[in-house]
Amino acid sequence: FFFKQKTAYEILSGLVGSEMCIRDRVRMEQKMTVKNGDFIRIDYTESVEGQVIAATDKDVATEKGIFNEEAQYGPHLIVVGAGQLVKGFEEDLMGKEIGYCGKVEIPPEGAFGLRDPKKVEIVPINRFKEKKPVPGMRVGVENKVGTVTRIFGRKVSVDFNHPLADRTIVQYKINEFIEDRQEKLKALIKTFAHMDLEAEIKDDVATITVLWELSYYKEWLMIRRGLADMIIQHLGLKEVDQVEKHTGERVTAELISPPAKEPATEGTGSEEQKSAETTPA
């Protein structure tokens with residue numbers, strides 16, 4: 001998320017230029033303000049040095065040239081205090097009301113730190129066996145993830161600083177609070193398992209019906225444990241039961257194909273939640 005990377009990450013949709021903020025501003029008869037443990041949906045546009053690098057709004061992403069057809073666009077679910085967002089962004093959310101639309105400038109200490117020149121290293125080009133490196137490519141070298149900045153001769157310059165090191169600017173809107181436990185359960189499953197599954201809560205026990213085909217998806221073993229932990233922790237339930245559903249349908253390649261992976265954006269999500277696509281060296 002979040003999984004801290006643009007879950008994340010990160011963690012981390014219908015907005016979010018200033019005109020929309022003004023147009024969509026709402027007044028609530030009963031004011032609710034954001035606090036730890038709340039489930040909220042937000043839209044955001046994130047920029048670094050004036051360049052938009054993440055957006056939840058499909059039109060904004062398309063306009064700025066960052067649209068990804070495999071990504072999910074629309075308001076993002078945030079469980080406040082769950083570590084989906086960088087510290088500076090989460091702190092700015094606190095105390096805001098539903099409908100709030102504004103901007104926060106996150107300093108390095110509240111996000112991904114200052115850029116360190118010592119983290120730019122020279123790597124022999126023969127270390128990259130699977131794919132020829134090009135500037136801008138995200139690569140993995142000795143368990144570190146970096147960005148190729150330039151190539152000269154048989155050497156490659158790789159920047160191991162976080163891509164969002166230094167100041168980050170996020171413009172965002174708080175769309176809604178989620179209060180119903182059943183709706184929260186569905187939202188957690190959709191956000192962290194990246195799929196819709198049958199689920200219900202009865203007597204403080206959540207029961208999730210899982211398609212048996214997911215047993216062929218090796219990453220599901222990790223996803224289901226993390227999802228269960230999230231549900232118990234943030235919904236205050238006693239247990240989570242995951243029940244396999246068998247229909248007798250014959251096995252086909254399409255049935256056992258894992259759900260499409262959704263590339264996380266580099267924005268808003270905290271470091272553990274972000275999972276950058278890398279080329280191993």
# chains A, B, ... in the order shown; residues from 1 in each chain; ligands from 1

$ closest_atom_pairs --of "range 87-111 of chain A" --to "range 38-48 of chain A" --cutoff "10 Å" --atoms "only C-alpha atoms" --output "CSV"
residue,atom,partner,partner_atom,distance
A:Ile98,CA,A:Ile40,CA,8.7
A:Gly99,CA,A:Ile42,CA,9.5
A:Tyr100,CA,A:Ile42,CA,9.8
A:Cys101,CA,A:Asp43,CA,9.3
A:Gly102,CA,A:Tyr44,CA,9.6
A:Lys103,CA,A:Tyr44,CA,9.3
A:Val104,CA,A:Glu46,CA,9.8
A:Glu105,CA,A:Ser47,CA,9.8

$ residues_around --residues "range 182-197 of chain A" --least-positions-apart "4" --cutoff "7 Å" --atoms "only C-alpha atoms" --output "MDAnalysis selection string"
chainID A and resid 77 178 201 208:210 223 227 231

$ write_last_selection --atoms "N, CA and C atoms" --output "PDB file, in the first residue's frame"
ATOM      1  N   LEU A  77      -8.859   4.034  -1.073  1.00  0.00           N
ATOM      2  CA  LEU A  77      -9.194   3.773   0.322  1.00  0.00           C
ATOM      3  C   LEU A  77      -7.958   3.981   1.181  1.00  0.00           C
ATOM      4  N   ILE A 178     -16.063   6.000   5.478  1.00  0.00           N
ATOM      5  CA  ILE A 178     -16.769   4.725   5.444  1.00  0.00           C
ATOM      6  C   ILE A 178     -17.006   4.306   6.888  1.00  0.00           C
ATOM      7  N   ILE A 201     -19.854 -10.429   7.750  1.00  0.00           N
ATOM      8  CA  ILE A 201     -19.465 -10.402   9.165  1.00  0.00           C
ATOM      9  C   ILE A 201     -20.648 -10.883   9.993  1.00  0.00           C
ATOM     10  N   ILE A 208     -14.815 -15.014   4.407  1.00  0.00           N
ATOM     11  CA  ILE A 208     -14.510 -14.624   3.029  1.00  0.00           C
ATOM     12  C   ILE A 208     -14.548 -15.867   2.161  1.00  0.00           C
ATOM     13  N   THR A 209     -15.329 -15.826   1.107  1.00  0.00           N
ATOM     14  CA  THR A 209     -15.416 -16.948   0.177  1.00  0.00           C
ATOM     15  C   THR A 209     -14.379 -16.748  -0.918  1.00  0.00           C
ATOM     16  N   VAL A 210     -13.452 -17.696  -1.004  1.00  0.00           N
ATOM     17  CA  VAL A 210     -12.314 -17.584  -1.909  1.00  0.00           C
ATOM     18  C   VAL A 210     -12.437 -18.603  -3.031  1.00  0.00           C
ATOM     19  N   ILE A 223      -0.767 -12.744   0.516  1.00  0.00           N
ATOM     20  CA  ILE A 223      -1.833 -11.748   0.510  1.00  0.00           C
ATOM     21  C   ILE A 223      -2.902 -12.088   1.541  1.00  0.00           C
ATOM     22  N   LEU A 227      -4.028  -9.765   4.595  1.00  0.00           N
ATOM     23  CA  LEU A 227      -5.396  -9.267   4.564  1.00  0.00           C
ATOM     24  C   LEU A 227      -6.128  -9.620   5.851  1.00  0.00           C
ATOM     25  N   ILE A 231      -7.808  -7.014   8.581  1.00  0.00           N
ATOM     26  CA  ILE A 231      -9.222  -7.067   8.935  1.00  0.00           C
ATOM     27  C   ILE A 231      -9.397  -7.168  10.445  1.00  0.00           C
TER      28      ILE A 231
END

$ closest_residue --among "A:Glu179, A:Ile125, A:Arg167, A:Trp220" --to "Phe152 in chain A" --atoms "only C-alpha atoms"
A:Ile125

$ atom_distance --atom1 "CA of Thr62 in chain A" --atom2 "CA of Val86 in chain A"
24.9 Å

$ select_by_dssp --residues "range 58-188 of chain A" --states "helix (DSSP H, G or I)" --output "ChimeraX atom specification"
/A:58-63,87-93,108-110,117-119,125-127,181-188

$ write_last_selection --atoms "C-alpha atoms" --output "mmCIF file, in the first residue's frame"
data_model
loop_
_atom_site.group_PDB
_atom_site.id
_atom_site.type_symbol
_atom_site.label_atom_id
_atom_site.label_comp_id
_atom_site.auth_asym_id
_atom_site.auth_seq_id
_atom_site.Cartn_x
_atom_site.Cartn_y
_atom_site.Cartn_z
ATOM 1 C CA LYS A 58 -7.895 8.920 -15.047
ATOM 2 C CA ASP A 59 -8.295 12.159 -16.999
ATOM 3 C CA VAL A 60 -5.499 13.857 -15.065
ATOM 4 C CA ALA A 61 -3.203 10.862 -15.570
ATOM 5 C CA THR A 62 -3.957 10.859 -19.297
ATOM 6 C CA GLU A 63 -3.413 14.598 -19.638
ATOM 7 C CA LYS A 87 4.192 10.696 7.543
ATOM 8 C CA GLY A 88 3.805 14.244 6.219
ATOM 9 C CA PHE A 89 0.700 13.445 4.197
ATOM 10 C CA GLU A 90 -1.006 11.509 6.987
ATOM 11 C CA GLU A 91 -0.321 14.300 9.476
ATOM 12 C CA ASP A 92 -1.954 16.823 7.146
ATOM 13 C CA LEU A 93 -5.106 14.686 6.899
ATOM 14 C CA PRO A 108 12.006 15.476 2.956
ATOM 15 C CA GLU A 109 11.875 14.531 6.629
ATOM 16 C CA GLY A 110 8.133 13.872 6.314
ATOM 17 C CA PRO A 117 24.902 12.100 -3.794
ATOM 18 C CA LYS A 118 26.714 9.141 -2.221
ATOM 19 C CA LYS A 119 23.820 6.890 -3.240
ATOM 20 C CA ILE A 125 27.102 -2.911 -17.666
ATOM 21 C CA ASN A 126 27.792 -6.670 -17.695
ATOM 22 C CA ARG A 127 25.931 -6.911 -14.360
ATOM 23 C CA ARG A 181 -18.302 -2.525 8.996
ATOM 24 C CA GLN A 182 -19.514 -4.644 6.101
ATOM 25 C CA GLU A 183 -18.570 -1.902 3.657
ATOM 26 C CA LYS A 184 -15.178 -1.544 5.341
ATOM 27 C CA LEU A 185 -14.587 -5.288 4.961
ATOM 28 C CA LYS A 186 -15.402 -5.177 1.242
ATOM 29 C CA ALA A 187 -13.194 -2.120 0.782
ATOM 30 C CA LEU A 188 -10.212 -3.773 2.512
#

$ closest_residue --among "A:Glu176, A:Glu142, A:Glu200, A:Asp116" --to "His162 in chain A" --atoms "only C-alpha atoms"
A:Asp116

$ decode --residues "range 193-207 of chain A" --atoms "all heavy atoms" --output "CSV table (one decimal), in the first residue's frame"
chain,number,residue,atom,x,y,z
A,193,ALA,N,-6.4,-7.0,-1.7
A,193,ALA,CA,-6.3,-8.3,-2.5
A,193,ALA,C,-6.5,-8.0,-4.0
A,193,ALA,O,-6.4,-8.9,-4.8
A,193,ALA,CB,-7.4,-9.3,-2.0
A,194,HIS,N,-6.9,-6.8,-4.3
A,194,HIS,CA,-7.1,-6.4,-5.7
A,194,HIS,C,-8.2,-7.2,-6.4
A,194,HIS,O,-8.0,-7.5,-7.6
A,194,HIS,CB,-5.8,-6.4,-6.5
A,194,HIS,CG,-4.7,-5.7,-5.9
A,194,HIS,ND1,-4.8,-4.3,-5.6
A,194,HIS,CD2,-3.5,-6.1,-5.4
A,194,HIS,CE1,-3.7,-3.9,-5.0
A,194,HIS,NE2,-2.9,-4.9,-4.9
A,195,MET,N,-9.2,-7.6,-5.7
A,195,MET,CA,-10.3,-8.3,-6.3
A,195,MET,C,-11.5,-8.2,-5.4
A,195,MET,O,-11.5,-7.9,-4.3
A,195,MET,CB,-9.9,-9.8,-6.5
A,195,MET,CG,-9.7,-10.6,-5.2
A,195,MET,SD,-9.0,-12.2,-5.5
A,195,MET,CE,-7.3,-11.9,-5.8
A,196,ASP,N,-12.7,-8.5,-6.0
A,196,ASP,CA,-14.0,-8.6,-5.3
A,196,ASP,C,-14.2,-10.0,-4.9
A,196,ASP,O,-14.3,-10.9,-5.7
A,196,ASP,CB,-15.1,-8.0,-6.1
A,196,ASP,CG,-15.0,-6.5,-6.4
A,196,ASP,OD1,-14.8,-5.8,-5.4
A,196,ASP,OD2,-15.1,-6.1,-7.6
A,197,LEU,N,-14.4,-10.2,-3.6
A,197,LEU,CA,-14.7,-11.5,-3.0
A,197,LEU,C,-16.0,-11.5,-2.2
A,197,LEU,O,-16.2,-10.4,-1.5
A,197,LEU,CB,-13.6,-12.1,-2.2
A,197,LEU,CG,-12.2,-12.3,-3.0
A,197,LEU,CD1,-11.1,-12.7,-2.0
A,197,LEU,CD2,-12.4,-13.4,-4.1
A,198,GLU,N,-16.7,-12.5,-2.1
A,198,GLU,CA,-17.9,-12.6,-1.3
A,198,GLU,C,-17.4,-12.6,0.2
A,198,GLU,O,-16.5,-13.3,0.5
A,198,GLU,CB,-18.7,-13.9,-1.5
A,198,GLU,CG,-19.3,-14.0,-2.9
A,198,GLU,CD,-20.0,-15.3,-3.1
A,198,GLU,OE1,-20.4,-15.9,-2.1
A,198,GLU,OE2,-20.2,-15.8,-4.2
A,199,ALA,N,-18.0,-11.8,1.0
A,199,ALA,CA,-17.6,-11.7,2.4
A,199,ALA,C,-18.8,-11.2,3.3
A,199,ALA,O,-19.6,-10.4,2.8
A,199,ALA,CB,-16.4,-10.7,2.5
A,200,GLU,N,-18.8,-11.6,4.5
A,200,GLU,CA,-19.8,-11.2,5.5
A,200,GLU,C,-19.2,-11.2,6.9
A,200,GLU,O,-18.3,-11.9,7.2
A,200,GLU,CB,-21.1,-12.0,5.4
A,200,GLU,CG,-20.9,-13.5,5.8
A,200,GLU,CD,-22.2,-14.2,5.8
A,200,GLU,OE1,-23.2,-13.6,5.5
A,200,GLU,OE2,-22.1,-15.5,6.0
A,201,ILE,N,-19.9,-10.4,7.7
A,201,ILE,CA,-19.5,-10.4,9.2
A,201,ILE,C,-20.6,-10.9,10.0
A,201,ILE,O,-21.8,-10.4,9.8
A,201,ILE,CB,-19.1,-9.0,9.6
A,201,ILE,CG1,-17.9,-8.5,8.8
A,201,ILE,CG2,-18.8,-9.0,11.1
A,201,ILE,CD1,-17.5,-7.0,9.1
A,202,LYS,N,-20.4,-11.9,10.9
A,202,LYS,CA,-21.4,-12.4,11.8
A,202,LYS,C,-20.8,-12.7,13.1
A,202,LYS,O,-19.8,-13.5,13.1
A,202,LYS,CB,-22.1,-13.6,11.2
A,202,LYS,CG,-23.3,-14.1,12.0
A,202,LYS,CD,-24.0,-15.2,11.3
A,202,LYS,CE,-25.2,-15.7,12.1
A,202,LYS,NZ,-25.9,-16.9,11.4
A,203,ASP,N,-21.3,-12.2,14.2
A,203,ASP,CA,-20.8,-12.4,15.5
A,203,ASP,C,-19.3,-12.1,15.6
A,203,ASP,O,-18.5,-12.9,16.2
A,203,ASP,CB,-21.1,-13.9,15.9
A,203,ASP,CG,-22.6,-14.2,16.0
A,203,ASP,OD1,-23.3,-13.2,16.3
A,203,ASP,OD2,-23.0,-15.3,15.7
A,204,ASP,N,-18.9,-11.0,15.1
A,204,ASP,CA,-17.5,-10.6,15.1
A,204,ASP,C,-16.5,-11.6,14.4
A,204,ASP,O,-15.3,-11.6,14.7
A,204,ASP,CB,-17.0,-10.4,16.5
A,204,ASP,CG,-17.6,-9.1,17.1
A,204,ASP,OD1,-17.9,-8.2,16.4
A,204,ASP,OD2,-17.7,-9.0,18.4
A,205,VAL,N,-17.0,-12.3,13.4
A,205,VAL,CA,-16.2,-13.2,12.6
A,205,VAL,C,-16.5,-12.9,11.2
A,205,VAL,O,-17.6,-12.8,10.7
A,205,VAL,CB,-16.5,-14.7,12.9
A,205,VAL,CG1,-15.7,-15.6,11.9
A,205,VAL,CG2,-16.2,-15.0,14.3
A,206,ALA,N,-15.4,-12.6,10.4
A,206,ALA,CA,-15.5,-12.3,9.0
A,206,ALA,C,-15.3,-13.6,8.2
A,206,ALA,O,-14.4,-14.4,8.5
A,206,ALA,CB,-14.5,-11.3,8.6
A,207,THR,N,-16.2,-13.9,7.3
A,207,THR,CA,-16.1,-15.1,6.4
A,207,THR,C,-15.9,-14.6,5.0
A,207,THR,O,-16.8,-13.9,4.5
A,207,THR,CB,-17.3,-16.0,6.5
A,207,THR,OG1,-17.5,-16.4,7.9
A,207,THR,CG2,-17.2,-17.2,5.7
